[in-house]
$ cat run_29.pdb   # PDB, C-alpha atoms and all ligand atoms
ATOM      1  CA  MET A   1     -20.068 -24.062  -8.894
ATOM      2  CA  LYS A   2     -16.766 -25.390  -7.527
ATOM      3  CA  TYR A   3     -14.611 -22.572  -6.250
ATOM      4  CA  LYS A   4     -11.394 -21.785  -4.418
ATOM      5  CA  PHE A   5      -9.987 -18.668  -2.723
ATOM      6  CA  ILE A   6      -6.399 -17.445  -2.665
ATOM      7  CA  THR A   7      -5.810 -14.277  -0.620
ATOM      8  CA  ARG A   8      -2.856 -12.051   0.175
ATOM      9  CA  GLY A   9      -3.320 -13.228   3.772
ATOM     10  CA  ASP A  10      -3.846  -9.783   5.333
ATOM     11  CA  GLU A  11      -6.881  -9.051   7.504
ATOM     12  CA  ALA A  12      -8.736  -6.970   4.885
ATOM     13  CA  SER A  13      -8.411  -9.695   2.205
ATOM     14  CA  GLU A  14      -9.457 -12.455   4.673
ATOM     15  CA  ASN A  15     -12.533 -10.406   5.667
ATOM     16  CA  ILE A  16     -13.566  -9.992   2.029
ATOM     17  CA  LYS A  17     -13.138 -13.748   1.530
ATOM     18  CA  ASN A  18     -15.427 -14.547   4.480
ATOM     19  CA  LEU A  19     -18.021 -12.012   3.330
ATOM     20  CA  ILE A  20     -18.097 -13.428  -0.223
ATOM     21  CA  ARG A  21     -18.321 -16.987   1.111
ATOM     22  CA  ASP A  22     -21.228 -16.121   3.435
ATOM     23  CA  ILE A  23     -23.242 -13.918   1.092
ATOM     24  CA  TYR A  24     -22.595 -15.041  -2.479
ATOM     25  CA  LEU A  25     -21.363 -18.641  -2.292
ATOM     26  CA  LYS A  26     -23.605 -20.203   0.401
ATOM     27  CA  ASN A  27     -24.893 -22.913  -1.935
ATOM     28  CA  ASP A  28     -21.657 -23.605  -3.767
ATOM     29  CA  GLU A  29     -18.820 -26.043  -3.141
ATOM     30  CA  GLU A  30     -15.398 -24.910  -1.903
ATOM     31  CA  VAL A  31     -12.795 -27.357  -3.276
ATOM     32  CA  GLU A  32      -9.047 -27.934  -3.007
ATOM     33  CA  SER A  33      -8.564 -29.288  -6.547
ATOM     34  CA  ASN A  34     -10.081 -28.733  -9.999
ATOM     35  CA  PRO A  35     -11.970 -25.500  -9.183
ATOM     36  CA  GLU A  36     -14.157 -23.899 -11.886
ATOM     37  CA  HIS A  37     -13.650 -20.421 -10.408
ATOM     38  CA  VAL A  38     -10.729 -19.045  -8.408
ATOM     39  CA  PHE A  39     -11.123 -15.779  -6.492
ATOM     40  CA  ALA A  40      -7.726 -14.112  -5.992
ATOM     41  CA  ILE A  41      -8.091 -11.419  -3.323
ATOM     42  CA  GLY A  42      -5.093  -9.071  -3.076
ATOM     43  CA  GLY A  43      -2.946  -7.511  -5.820
ATOM     44  CA  ASP A  44      -1.170  -8.746  -8.953
ATOM     45  CA  GLY A  45       1.261 -10.737  -6.772
ATOM     46  CA  THR A  46      -1.702 -12.627  -5.251
ATOM     47  CA  PHE A  47      -3.038 -13.297  -8.736
ATOM     48  CA  LEU A  48       0.307 -14.845  -9.761
ATOM     49  CA  ARG A  49       0.250 -17.087  -6.676
ATOM     50  CA  ALA A  50      -3.374 -18.069  -7.427
ATOM     51  CA  VAL A  51      -2.478 -19.226 -10.949
ATOM     52  CA  HIS A  52       0.556 -21.196  -9.707
ATOM     53  CA  ASP A  53      -1.719 -22.856  -7.155
ATOM     54  CA  LEU A  54      -4.275 -23.572  -9.889
ATOM     55  CA  VAL A  55      -1.651 -25.325 -12.032
ATOM     56  CA  SER A  56      -0.693 -27.592  -9.140
ATOM     57  CA  CYS A  57      -4.309 -28.439  -8.189
ATOM     58  CA  THR A  58      -5.707 -29.056 -11.706
ATOM     59  CA  SER A  59      -5.795 -32.588 -13.138
ATOM     60  CA  LYS A  60      -4.052 -33.081 -16.491
ATOM     61  CA  ASP A  61      -7.292 -34.386 -18.087
ATOM     62  CA  CYS A  62      -9.349 -31.355 -16.943
ATOM     63  CA  GLN A  63     -10.980 -30.059 -20.157
ATOM     64  CA  ILE A  64     -12.680 -26.821 -19.037
ATOM     65  CA  PRO A  65     -10.337 -23.931 -18.237
ATOM     66  CA  CYS A  66     -10.909 -22.366 -14.829
ATOM     67  CA  VAL A  67     -11.876 -18.668 -14.633
ATOM     68  CA  VAL A  68      -9.661 -16.593 -12.322
ATOM     69  CA  HIS A  69     -11.243 -13.446 -10.851
ATOM     70  CA  GLY A  70      -8.929 -10.814  -9.345
ATOM     71  CA  ILE A  71     -10.458  -8.779  -6.520
ATOM     72  CA  ASN A  72      -8.131  -5.994  -5.515
ATOM     73  CA  THR A  73      -7.705  -4.956  -1.918
ATOM     74  CA  GLY A  74      -5.277  -2.160  -2.921
ATOM     75  CA  THR A  75      -5.373  -0.213  -6.173
ATOM     76  CA  LEU A  76      -6.774  -1.824  -9.327
ATOM     77  CA  GLY A  77      -3.848  -3.770 -10.783
ATOM     78  CA  PHE A  78      -3.011  -5.390 -14.097
ATOM     79  CA  PHE A  79      -4.771  -8.661 -13.393
ATOM     80  CA  THR A  80      -7.586  -7.567 -11.096
ATOM     81  CA  SER A  81     -11.036  -6.580 -12.369
ATOM     82  CA  TYR A  82     -12.980  -5.813  -9.211
ATOM     83  CA  THR A  83     -12.699  -3.719  -6.080
ATOM     84  CA  PRO A  84     -14.465  -5.229  -3.034
ATOM     85  CA  VAL A  85     -17.435  -2.862  -2.952
ATOM     86  CA  LYS A  86     -21.029  -4.166  -2.816
ATOM     87  CA  GLU A  87     -21.972  -3.061  -6.375
ATOM     88  CA  GLN A  88     -18.927  -4.713  -7.952
ATOM     89  CA  LEU A  89     -19.258  -7.961  -6.008
ATOM     90  CA  GLU A  90     -22.954  -8.146  -6.935
ATOM     91  CA  GLU A  91     -22.042  -7.547 -10.567
ATOM     92  CA  LEU A  92     -19.376 -10.284 -10.425
ATOM     93  CA  PHE A  93     -21.706 -12.959  -9.019
ATOM     94  CA  ASN A  94     -24.655 -11.948 -11.258
ATOM     95  CA  ARG A  95     -22.406 -12.234 -14.296
ATOM     96  CA  ILE A  96     -21.131 -15.647 -13.163
ATOM     97  CA  ARG A  97     -24.727 -16.939 -12.680
ATOM     98  CA  ILE A  98     -25.929 -15.733 -16.096
ATOM     99  CA  ASP A  99     -22.652 -16.654 -17.804
ATOM    100  CA  GLN A 100     -21.887 -13.114 -18.982
ATOM    101  CA  LEU A 101     -18.304 -12.568 -17.970
ATOM    102  CA  CYS A 102     -15.761 -10.902 -20.182
ATOM    103  CA  THR A 103     -12.682 -13.167 -20.197
ATOM    104  CA  ARG A 104      -9.350 -13.603 -21.939
ATOM    105  CA  THR A 105      -7.686 -17.000 -22.430
ATOM    106  CA  ILE A 106      -4.149 -17.013 -21.031
ATOM    107  CA  ARG A 107      -1.469 -19.579 -21.811
ATOM    108  CA  PRO A 108       1.626 -19.263 -19.589
ATOM    109  CA  LEU A 109       5.189 -20.189 -20.554
ATOM    110  CA  SER A 110       6.589 -23.638 -19.804
ATOM    111  CA  PHE A 111      10.238 -24.371 -19.291
ATOM    112  CA  GLY A 112      12.356 -27.406 -18.614
ATOM    113  CA  VAL A 113      15.942 -27.843 -17.471
ATOM    114  CA  VAL A 114      17.356 -30.970 -19.100
ATOM    115  CA  PHE A 115      20.363 -32.601 -17.406
ATOM    116  CA  ASP A 116      23.117 -34.749 -18.918
ATOM    117  CA  ASP A 117      21.397 -37.924 -17.633
ATOM    118  CA  ASN A 118      18.249 -36.807 -19.583
ATOM    119  CA  THR A 119      16.207 -36.164 -16.418
ATOM    120  CA  SER A 120      14.529 -32.776 -16.253
ATOM    121  CA  GLN A 121      12.987 -30.239 -13.907
ATOM    122  CA  GLN A 122      10.027 -28.234 -15.205
ATOM    123  CA  GLY A 123       8.057 -25.138 -14.310
ATOM    124  CA  LEU A 124       5.588 -22.601 -15.602
ATOM    125  CA  ALA A 125       5.409 -18.773 -15.631
ATOM    126  CA  ILE A 126       2.589 -16.293 -16.134
ATOM    127  CA  ASN A 127       4.856 -13.207 -16.301
ATOM    128  CA  GLU A 128       8.367 -14.354 -17.112
ATOM    129  CA  ILE A 129      11.288 -16.725 -16.705
ATOM    130  CA  THR A 130      14.729 -15.309 -15.909
ATOM    131  CA  ILE A 131      18.032 -17.140 -16.198
ATOM    132  CA  THR A 132      21.063 -15.864 -14.253
ATOM    133  CA  THR A 133      24.084 -17.496 -12.653
ATOM    134  CA  ALA A 134      24.004 -18.694  -9.078
ATOM    135  CA  GLU A 135      27.205 -16.873  -8.095
ATOM    136  CA  ARG A 136      26.172 -13.526  -9.627
ATOM    137  CA  LYS A 137      28.874 -14.042 -12.267
ATOM    138  CA  THR A 138      28.240 -13.341 -15.920
ATOM    139  CA  LEU A 139      26.144 -15.899 -17.761
ATOM    140  CA  THR A 140      27.621 -17.391 -20.909
ATOM    141  CA  ALA A 141      25.048 -19.114 -23.078
ATOM    142  CA  LYS A 142      24.250 -20.197 -26.613
ATOM    143  CA  ILE A 143      20.738 -19.207 -27.698
ATOM    144  CA  ILE A 144      18.873 -21.353 -30.199
ATOM    145  CA  ILE A 145      15.563 -20.099 -31.628
ATOM    146  CA  ASP A 146      13.262 -22.484 -33.518
ATOM    147  CA  ASN A 147      16.232 -24.870 -33.954
ATOM    148  CA  ASN A 148      18.464 -22.122 -35.413
ATOM    149  CA  ASN A 149      21.746 -21.364 -33.656
ATOM    150  CA  PHE A 150      21.128 -17.676 -33.082
ATOM    151  CA  GLU A 151      23.707 -16.008 -30.825
ATOM    152  CA  LYS A 152      26.264 -16.421 -28.062
ATOM    153  CA  PHE A 153      25.228 -14.342 -25.041
ATOM    154  CA  LYS A 154      27.442 -13.060 -22.243
ATOM    155  CA  GLY A 155      25.986 -10.790 -19.588
ATOM    156  CA  THR A 156      23.904 -10.735 -16.414
ATOM    157  CA  GLY A 157      21.115 -12.945 -17.716
ATOM    158  CA  LEU A 158      18.090 -13.472 -19.900
ATOM    159  CA  CYS A 159      14.389 -12.747 -19.432
ATOM    160  CA  ILE A 160      11.720 -14.521 -21.461
ATOM    161  CA  SER A 161       8.286 -13.019 -20.927
ATOM    162  CA  THR A 162       4.678 -13.585 -21.920
ATOM    163  CA  THR A 163       2.384 -10.945 -23.380
ATOM    164  CA  ILE A 164       0.786 -10.214 -20.003
ATOM    165  CA  GLY A 165       4.200 -10.262 -18.317
ATOM    166  CA  SER A 166       5.455  -7.542 -20.685
ATOM    167  CA  THR A 167       4.514  -4.809 -18.164
ATOM    168  CA  ALA A 168       6.376  -6.526 -15.307
ATOM    169  CA  TYR A 169      10.142  -7.283 -15.109
ATOM    170  CA  ASN A 170      10.400  -7.190 -18.914
ATOM    171  CA  LYS A 171       9.413  -3.514 -18.930
ATOM    172  CA  SER A 172      12.065  -2.633 -16.329
ATOM    173  CA  LEU A 173      14.656  -4.291 -18.598
ATOM    174  CA  GLY A 174      13.673  -2.068 -21.533
ATOM    175  CA  GLY A 175      11.476  -4.696 -23.205
ATOM    176  CA  ALA A 176       8.420  -3.670 -25.213
ATOM    177  CA  VAL A 177       4.991  -3.393 -23.620
ATOM    178  CA  VAL A 178       2.776  -5.753 -25.650
ATOM    179  CA  HIS A 179      -0.956  -5.278 -26.232
ATOM    180  CA  PRO A 180      -2.887  -8.269 -24.790
ATOM    181  CA  ASP A 181      -4.498  -8.970 -28.200
ATOM    182  CA  LEU A 182      -1.059 -10.082 -29.447
ATOM    183  CA  ASP A 183       0.021 -13.588 -28.499
ATOM    184  CA  VAL A 184       3.834 -13.459 -28.303
ATOM    185  CA  ILE A 185       6.963 -14.449 -26.402
ATOM    186  CA  GLN A 186       9.602 -11.779 -25.739
ATOM    187  CA  LEU A 187      13.317 -12.388 -25.196
ATOM    188  CA  THR A 188      15.131  -9.576 -23.359
ATOM    189  CA  GLU A 189      18.774  -9.366 -22.377
ATOM    190  CA  MET A 190      19.889  -8.369 -18.876
ATOM    191  CA  ALA A 191      23.001  -6.244 -19.369
ATOM    192  CA  GLY A 192      24.486  -8.093 -22.342
ATOM    193  CA  ILE A 193      28.220  -7.591 -22.980
ATOM    194  CA  ASN A 194      29.009  -7.027 -26.625
ATOM    195  CA  SER A 195      32.591  -7.634 -27.679
ATOM    196  CA  ALA A 196      34.443  -9.279 -30.554
ATOM    197  CA  SER A 197      33.836 -12.668 -28.866
ATOM    198  CA  TYR A 198      30.204 -12.265 -27.860
ATOM    199  CA  GLN A 199      27.851 -10.558 -30.287
ATOM    200  CA  THR A 200      24.135 -10.460 -29.593
ATOM    201  CA  LEU A 201      21.165  -8.646 -31.072
ATOM    202  CA  SER A 202      21.221  -6.279 -28.042
ATOM    203  CA  SER A 203      17.557  -5.403 -28.374
ATOM    204  CA  PRO A 204      14.420  -7.105 -27.093
ATOM    205  CA  MET A 205      13.039  -9.627 -29.569
ATOM    206  CA  VAL A 206       9.301 -10.323 -29.944
ATOM    207  CA  LEU A 207       8.561 -13.791 -31.326
ATOM    208  CA  PRO A 208       5.351 -15.643 -32.268
ATOM    209  CA  ALA A 209       3.821 -17.540 -29.355
ATOM    210  CA  ASP A 210       4.582 -20.945 -30.907
ATOM    211  CA  SER A 211       8.342 -20.245 -31.001
ATOM    212  CA  SER A 212      10.777 -22.402 -29.089
ATOM    213  CA  ILE A 213      13.831 -21.033 -27.326
ATOM    214  CA  GLU A 214      16.734 -23.175 -26.111
ATOM    215  CA  VAL A 215      19.552 -21.945 -23.909
ATOM    216  CA  GLU A 216      22.758 -23.982 -23.654
ATOM    217  CA  THR A 217      25.116 -23.177 -20.798
ATOM    218  CA  SER A 218      27.485 -24.938 -18.436
ATOM    219  CA  ASP A 219      27.106 -22.261 -15.717
ATOM    220  CA  ASN A 220      25.485 -22.856 -12.321
ATOM    221  CA  LEU A 221      22.073 -21.285 -12.603
ATOM    222  CA  VAL A 222      19.206 -19.703 -10.748
ATOM    223  CA  ILE A 223      15.977 -19.728 -12.731
ATOM    224  CA  THR A 224      13.113 -17.529 -11.575
ATOM    225  CA  PHE A 225       9.558 -18.040 -12.789
ATOM    226  CA  ASP A 226       7.320 -15.223 -11.534
ATOM    227  CA  HIS A 227       7.721 -15.124  -7.720
ATOM    228  CA  CYS A 228       9.275 -18.637  -7.617
ATOM    229  CA  SER A 229      12.884 -19.670  -8.100
ATOM    230  CA  MET A 230      14.824 -22.841  -8.818
ATOM    231  CA  SER A 231      18.445 -23.028  -7.778
ATOM    232  CA  LEU A 232      20.437 -25.531  -9.811
ATOM    233  CA  ASN A 233      23.884 -25.151  -8.257
ATOM    234  CA  GLN A 234      23.231 -27.836  -5.607
ATOM    235  CA  SER A 235      22.812 -30.507  -8.226
ATOM    236  CA  ASN A 236      25.762 -32.743  -9.091
ATOM    237  CA  LYS A 237      24.276 -33.227 -12.548
ATOM    238  CA  LYS A 238      25.341 -31.076 -15.490
ATOM    239  CA  ILE A 239      22.743 -28.992 -17.342
ATOM    240  CA  LYS A 240      22.448 -29.937 -21.028
ATOM    241  CA  TYR A 241      20.042 -27.179 -22.030
ATOM    242  CA  ILE A 242      16.924 -25.238 -21.008
ATOM    243  CA  TRP A 243      13.882 -25.134 -23.270
ATOM    244  CA  ILE A 244      11.135 -22.520 -23.165
ATOM    245  CA  SER A 245       7.841 -22.543 -25.065
ATOM    246  CA  GLN A 246       4.189 -21.680 -24.576
ATOM    247  CA  SER A 247       2.452 -24.154 -22.258
ATOM    248  CA  ALA A 248      -0.516 -26.384 -23.083
ATOM    249  CA  PHE A 249      -2.137 -25.351 -19.784
ATOM    250  CA  GLU A 250      -4.624 -22.494 -20.098
ATOM    251  CA  PHE A 251      -6.987 -20.564 -17.882
ATOM    252  CA  LYS A 252      -9.437 -17.697 -18.346
ATOM    253  CA  LEU A 253      -8.736 -14.306 -16.827
ATOM    254  CA  ASP A 254     -11.839 -12.293 -15.865
ATOM    255  CA  THR A 255     -11.323  -8.914 -17.575
ATOM    256  CA  THR A 256     -14.885  -7.602 -17.097
ATOM    257  CA  ASN A 257     -14.058  -4.218 -15.564
ATOM    258  CA  ASN A 258     -10.432  -4.010 -16.617
ATOM    259  CA  ASN A 259     -10.420  -4.590 -20.356
ATOM    260  CA  ASN A 260      -9.134  -1.235 -21.618
ATOM    261  CA  PHE A 261      -5.397  -1.831 -21.884
ATOM    262  CA  ILE A 262      -4.484   1.740 -22.849
ATOM    263  CA  LYS A 263      -6.360   3.164 -19.844
ATOM    264  CA  LYS A 264      -4.714   0.554 -17.608
ATOM    265  CA  LEU A 265      -1.241   1.505 -18.897
ATOM    266  CA  LYS A 266      -1.922   5.198 -18.363
ATOM    267  CA  ARG A 267      -3.299   4.612 -14.858
ATOM    268  CA  SER A 268      -0.358   2.396 -13.841
ATOM    269  CA  PHE A 269       2.629   4.067 -15.473
ATOM    270  CA  ILE A 270       1.792   7.611 -16.528
ATOM    271  CA  ILE A 271      -0.774   9.224 -14.254
ATOM    272  CA  SER A 272      -3.392   7.758 -11.933
ATOM    273  CA  GLU A 273      -6.867   9.179 -12.580
TER     274      GLU A 273
HETATM  275  P1  LIG B 301       5.683  -8.888  -6.206
HETATM  276  O1  LIG B 301       5.792  -7.971  -5.080
HETATM  277  O2  LIG B 301       4.622  -9.958  -6.210
HETATM  278  O3  LIG B 301       5.535  -8.052  -7.561
HETATM  279  C1  LIG B 301       6.377  -6.951  -7.818
HETATM  280  C2  LIG B 301       5.541  -5.818  -8.438
HETATM  281  O4  LIG B 301       5.189  -6.165  -9.774
HETATM  282  C3  LIG B 301       4.230  -5.561  -7.673
HETATM  283  O5  LIG B 301       4.045  -4.166  -7.595
HETATM  284  C4  LIG B 301       3.184  -6.212  -8.560
HETATM  285  O6  LIG B 301       1.892  -5.634  -8.409
HETATM  286  C5  LIG B 301       3.769  -5.957  -9.944
HETATM  287  N1  LIG B 301       3.362  -6.857 -11.030
HETATM  288  C6  LIG B 301       3.329  -8.203 -11.028
HETATM  289  N2  LIG B 301       2.972  -8.659 -12.237
HETATM  290  C7  LIG B 301       2.765  -7.561 -13.024
HETATM  291  C8  LIG B 301       2.396  -7.375 -14.382
HETATM  292  N3  LIG B 301       2.165  -8.413 -15.203
HETATM  293  N4  LIG B 301       2.309  -6.105 -14.863
HETATM  294  C9  LIG B 301       2.543  -5.041 -14.072
HETATM  295  N5  LIG B 301       2.917  -5.149 -12.787
HETATM  296  C10 LIG B 301       3.019  -6.406 -12.265
HETATM  297  O7  LIG B 301       7.161  -9.486  -6.454
HETATM  298  P2  LIG B 301       7.773 -10.958  -6.540
HETATM  299  O8  LIG B 301       6.909 -11.876  -5.724
HETATM  300  O9  LIG B 301       9.206 -10.900  -6.270
HETATM  301  O10 LIG B 301       7.716 -11.343  -8.113
HETATM  302  C11 LIG B 301       6.596 -11.235  -8.881
HETATM  303  C12 LIG B 301       6.908 -10.412 -10.112
HETATM  304  O11 LIG B 301       7.675  -9.255  -9.771
HETATM  305  C13 LIG B 301       7.774 -11.104 -11.163
HETATM  306  O12 LIG B 301       6.999 -11.909 -12.024
HETATM  307  C14 LIG B 301       8.443  -9.938 -11.890
HETATM  308  O13 LIG B 301       7.752  -9.589 -13.076
HETATM  309  C15 LIG B 301       8.341  -8.781 -10.940
HETATM  310  N6  LIG B 301       9.696  -8.315 -10.684
HETATM  311  C16 LIG B 301      10.049  -7.108 -11.204
HETATM  312  C17 LIG B 301      11.333  -6.634 -11.051
HETATM  313  C18 LIG B 301      11.685  -5.304 -11.656
HETATM  314  O14 LIG B 301      10.805  -4.703 -12.302
HETATM  315  N7  LIG B 301      12.910  -4.851 -11.498
HETATM  316  C19 LIG B 301      12.293  -7.373 -10.359
HETATM  317  C20 LIG B 301      11.897  -8.607  -9.817
HETATM  318  C21 LIG B 301      10.596  -9.080 -10.006
HETATM  319  P3  LIG B 301       1.022  -5.718  -7.030
HETATM  320  O15 LIG B 301       1.606  -4.654  -6.125
HETATM  321  O16 LIG B 301      -0.372  -5.391  -7.472
HETATM  322  O17 LIG B 301       1.146  -7.109  -6.467
END
$ encode --input "run_29.pdb" --output "structure tokens" --more "lines below"
Ligand code: NAP
Amino acid sequence: MKYKFITRGDEASENIKNLIRDIYLKNDEEVESNPEHVFAIGGDGTFLRAVHDLVSCTSKDCQIPCVVHGINTGTLGFFTSYTPVKEQLEELFNRIRIDQLCTRTIRPLSFGVVFDDNTSQQGLAINEITITTAERKTLTAKIIIDNNNFEKFKGTGLCISTTIGSTAYNKSLGGAVVHPDLDVIQLTEMAGINSASYQTLSSPMVLPADSSIEVETSDNLVITFDHCSMSLNQSNKKIKYIWISQSAFEFKLDTTNNNNFIKKLKRSFIISE
């Protein structure tokens, strides 16, 4: 198998990486691009970085989605299925060899910022995309959903999240937690101002995954996509609009020991067992 590691970079995670490499992957090939398996050793933040790395190192014509395995060196998180104990690592590599993993196909969100000269800058998010102004002023924007002029927003910003991102920033903004069996996109306002001039829905909106969202604004923007950000206030070009839709890129998330969403929610947000 062709594999790649991404770790949190701390000593414990690096030690686990070396142990796995020496014991379980002696006869396999460590690669920089087009891996078949990625081992993300750390927490949910490490998992996000691993998927962003995977996007940048996967060829466009690659037909078989890579499987990403989260090995947690803290507490079991939302994306991680294994703790680095002997029994669990043995289970992981046995399951890989006999092709008996439990996985879920994940398609992130894509977005593009289109400028007035029709050039664009693009990115991808596993959790969410947020749009705010560069100067921390209020954002004024027209929101178009599936080609329908929907509303004129004024407020701190907008958050567009995936199903698996629903428990991240989206949740802190009052968005709905979405069961992973539902494939959706969620649009959540960040402190929307409602007045006679600017009227918005004022509640999170859950849309089918094939929906398209366009945001038209002339403000200077900062766009975040997971842990990454794109500052657009340096550019001398004007933004025409931003589009957001589900991406064509997909990967498989190993959910073998972490497939019970209700238990995971309880453990993470209500009471740890
Ligand atoms: P980070 O430290 O990598 O992540 C922030 C926290 O969010 C960590 O505790 C992380 O878990 C957890 N997390 C990440 N994805 C999650 C998910 N899908 N469900 C539940 N928890 C999740 O921070 P970062 O590098 O700045 O940004 C990464 C993410 O942080 C963003 O995608 C955003 O969702 C989130 N964020 C949240 C807020 C907020 O809630 N107010 C504000 C900014 C950013 P681990 O400890 O296991 O890594």
$ residues_near_ligand --input "run_29.pdb" --ligand "ligand LIG 301 (chain B)" --cutoff "9 Å" --atoms "all atoms listed in the file" --output "PyMOL selection string"
chain A and resi 42-49+72+74-80+125-129+161-173+224-228+265+268
$ resolve_selection --input "run_29.pdb" --expression "the PyMOL selection byres (((chain A and resi 1) around 10) and not hetatm)" --output "number ranges by chain"
A: 2-3, 25, 27-31, 35-37, 96-97
$ residues_near_point --input "run_29.pdb" --point "(17.1, -13.6, -20.4)" --cutoff "6 Å" --atoms "all atoms listed in the file" --output "MDAnalysis selection string"
chainID A and resid 130:131 157:160 188:189
$ atom_distance --input "run_29.pdb" --atom1 "atom CA of Ile41 of chain A" --atom2 "atom CA of Ser231 of chain A"
29.3 Å
$ residues_around --input "run_29.pdb" --residues "Ile244 of chain A" --least-positions-apart "6" --cutoff "12 Å" --atoms "all atoms listed in the file" --output "PyMOL selection string"
chain A and resi 108-114+122-125+128-131+143-146+158-162+185-187+209-216+223+225
$ axis_aligned_box --input "run_29.pdb" --around "segment 74-80 of chain A" --padding-each-side "3 Å" --output "JSON"
{"center_x": -5.3, "center_y": -4.4, "center_z": -8.5, "size_x": 10.6, "size_y": 14.4, "size_z": 17.2}
$ resolve_selection --input "run_29.pdb" --expression "the PyMOL selection byres (((chain A and resi 222) around 6) and not hetatm)" --output "list of chain:residue names"
A:Thr132, A:Thr133, A:Ala134, A:Leu221, A:Ile223, A:Met230, A:Ser231
$ closest_residue --input "run_29.pdb" --among "A:Asn18, A:Asn257, A:Gln63, A:Thr138" --to "Leu101 of chain A" --atoms "all atoms listed in the file"
A:Asn257
$ atom_distance --input "run_29.pdb" --atom1 "atom CA of Leu253 of chain A" --atom2 "atom CA of Leu207 of chain A"
22.6 Å
$ closest_residue --input "run_29.pdb" --among "A:Lys4, A:Ile98, A:Ala176, A:Gln199" --to "Thr58 of chain A" --atoms "all atoms listed in the file"
A:Lys4
$ atom_distance --input "run_29.pdb" --atom1 "atom CA of Ser247 of chain A" --atom2 "atom CA of Pro65 of chain A"
13.4 Å
$ resolve_selection --input "run_29.pdb" --expression "the PyMOL selection byres (((chain A and resi 197) around 12) and not hetatm)" --output "ChimeraX atom specification"
/A:140,151-154,193-196,198-200
$ closest_residue --input "run_29.pdb" --among "A:Leu232, A:Ile271, A:Ala12, A:Ile71" --to "Thr83 of chain A" --atoms "all atoms listed in the file"
A:Ile71
$ closest_residue --input "run_29.pdb" --among "A:Phe269, A:Lys240, A:Val85, A:Glu250" --to "Asp116 of chain A" --atoms "all atoms listed in the file"
A:Lys240
$ closest_residue --input "run_29.pdb" --among "A:Ala248, A:Thr256, A:Cys62, A:Val184" --to "Glu91 of chain A" --atoms "only C-alpha atoms"
A:Thr256
$ decode --input "run_29.pdb" --residues "segment 83-97 of chain A" --atoms "N, CA and C atoms" --output "JSON list (two decimals), in the first residue's frame"
[["chain", "number", "residue", "atom", "x", "y", "z"],
["A", 83, "THR", "N", -7.25, 4.93, 19.23],
["A", 83, "THR", "CA", -6.27, 5.44, 20.18],
["A", 83, "THR", "C", -5.01, 4.59, 19.96],
["A", 84, "PRO", "N", -3.81, 5.13, 20.25],
["A", 84, "PRO", "CA", -2.59, 4.41, 19.86],
["A", 84, "PRO", "C", -2.19, 3.31, 20.84],
["A", 85, "VAL", "N", -3.13, 2.40, 21.11],
["A", 85, "VAL", "CA", -2.78, 1.25, 21.96],
["A", 85, "VAL", "C", -2.63, 0.03, 21.04],
["A", 86, "LYS", "N", -1.83, -0.95, 21.50],
["A", 86, "LYS", "CA", -1.46, -2.10, 20.67],
["A", 86, "LYS", "C", -2.69, -2.77, 20.00],
["A", 87, "GLU", "N", -3.72, -3.04, 20.83],
["A", 87, "GLU", "CA", -4.91, -3.76, 20.32],
["A", 87, "GLU", "C", -5.56, -2.98, 19.17],
["A", 88, "GLN", "N", -5.67, -1.66, 19.34],
["A", 88, "GLN", "CA", -6.36, -0.87, 18.31],
["A", 88, "GLN", "C", -5.52, -0.73, 17.05],
["A", 89, "LEU", "N", -4.20, -0.60, 17.22],
["A", 89, "LEU", "CA", -3.35, -0.49, 16.02],
["A", 89, "LEU", "C", -3.36, -1.82, 15.26],
["A", 90, "GLU", "N", -3.33, -2.94, 16.01],
["A", 90, "GLU", "CA", -3.39, -4.25, 15.36],
["A", 90, "GLU", "C", -4.70, -4.41, 14.61],
["A", 91, "GLU", "N", -5.78, -3.96, 15.23],
["A", 91, "GLU", "CA", -7.09, -4.05, 14.59],
["A", 91, "GLU", "C", -7.09, -3.22, 13.29],
["A", 92, "LEU", "N", -6.55, -2.00, 13.38],
["A", 92, "LEU", "CA", -6.51, -1.11, 12.21],
["A", 92, "LEU", "C", -5.79, -1.79, 11.04],
["A", 93, "PHE", "N", -4.58, -2.31, 11.29],
["A", 93, "PHE", "CA", -3.80, -2.86, 10.17],
["A", 93, "PHE", "C", -4.34, -4.21, 9.70],
["A", 94, "ASN", "N", -4.93, -5.01, 10.59],
["A", 94, "ASN", "CA", -5.61, -6.24, 10.15],
["A", 94, "ASN", "C", -6.77, -5.90, 9.23],
["A", 95, "ARG", "N", -7.55, -4.91, 9.64],
["A", 95, "ARG", "CA", -8.72, -4.53, 8.83],
["A", 95, "ARG", "C", -8.30, -3.99, 7.47],
["A", 96, "ILE", "N", -7.20, -3.22, 7.44],
["A", 96, "ILE", "CA", -6.71, -2.71, 6.15],
["A", 96, "ILE", "C", -6.34, -3.89, 5.26],
["A", 97, "ARG", "N", -5.58, -4.86, 5.80],
["A", 97, "ARG", "CA", -5.08, -6.00, 4.99],
["A", 97, "ARG", "C", -6.22, -6.86, 4.47]]
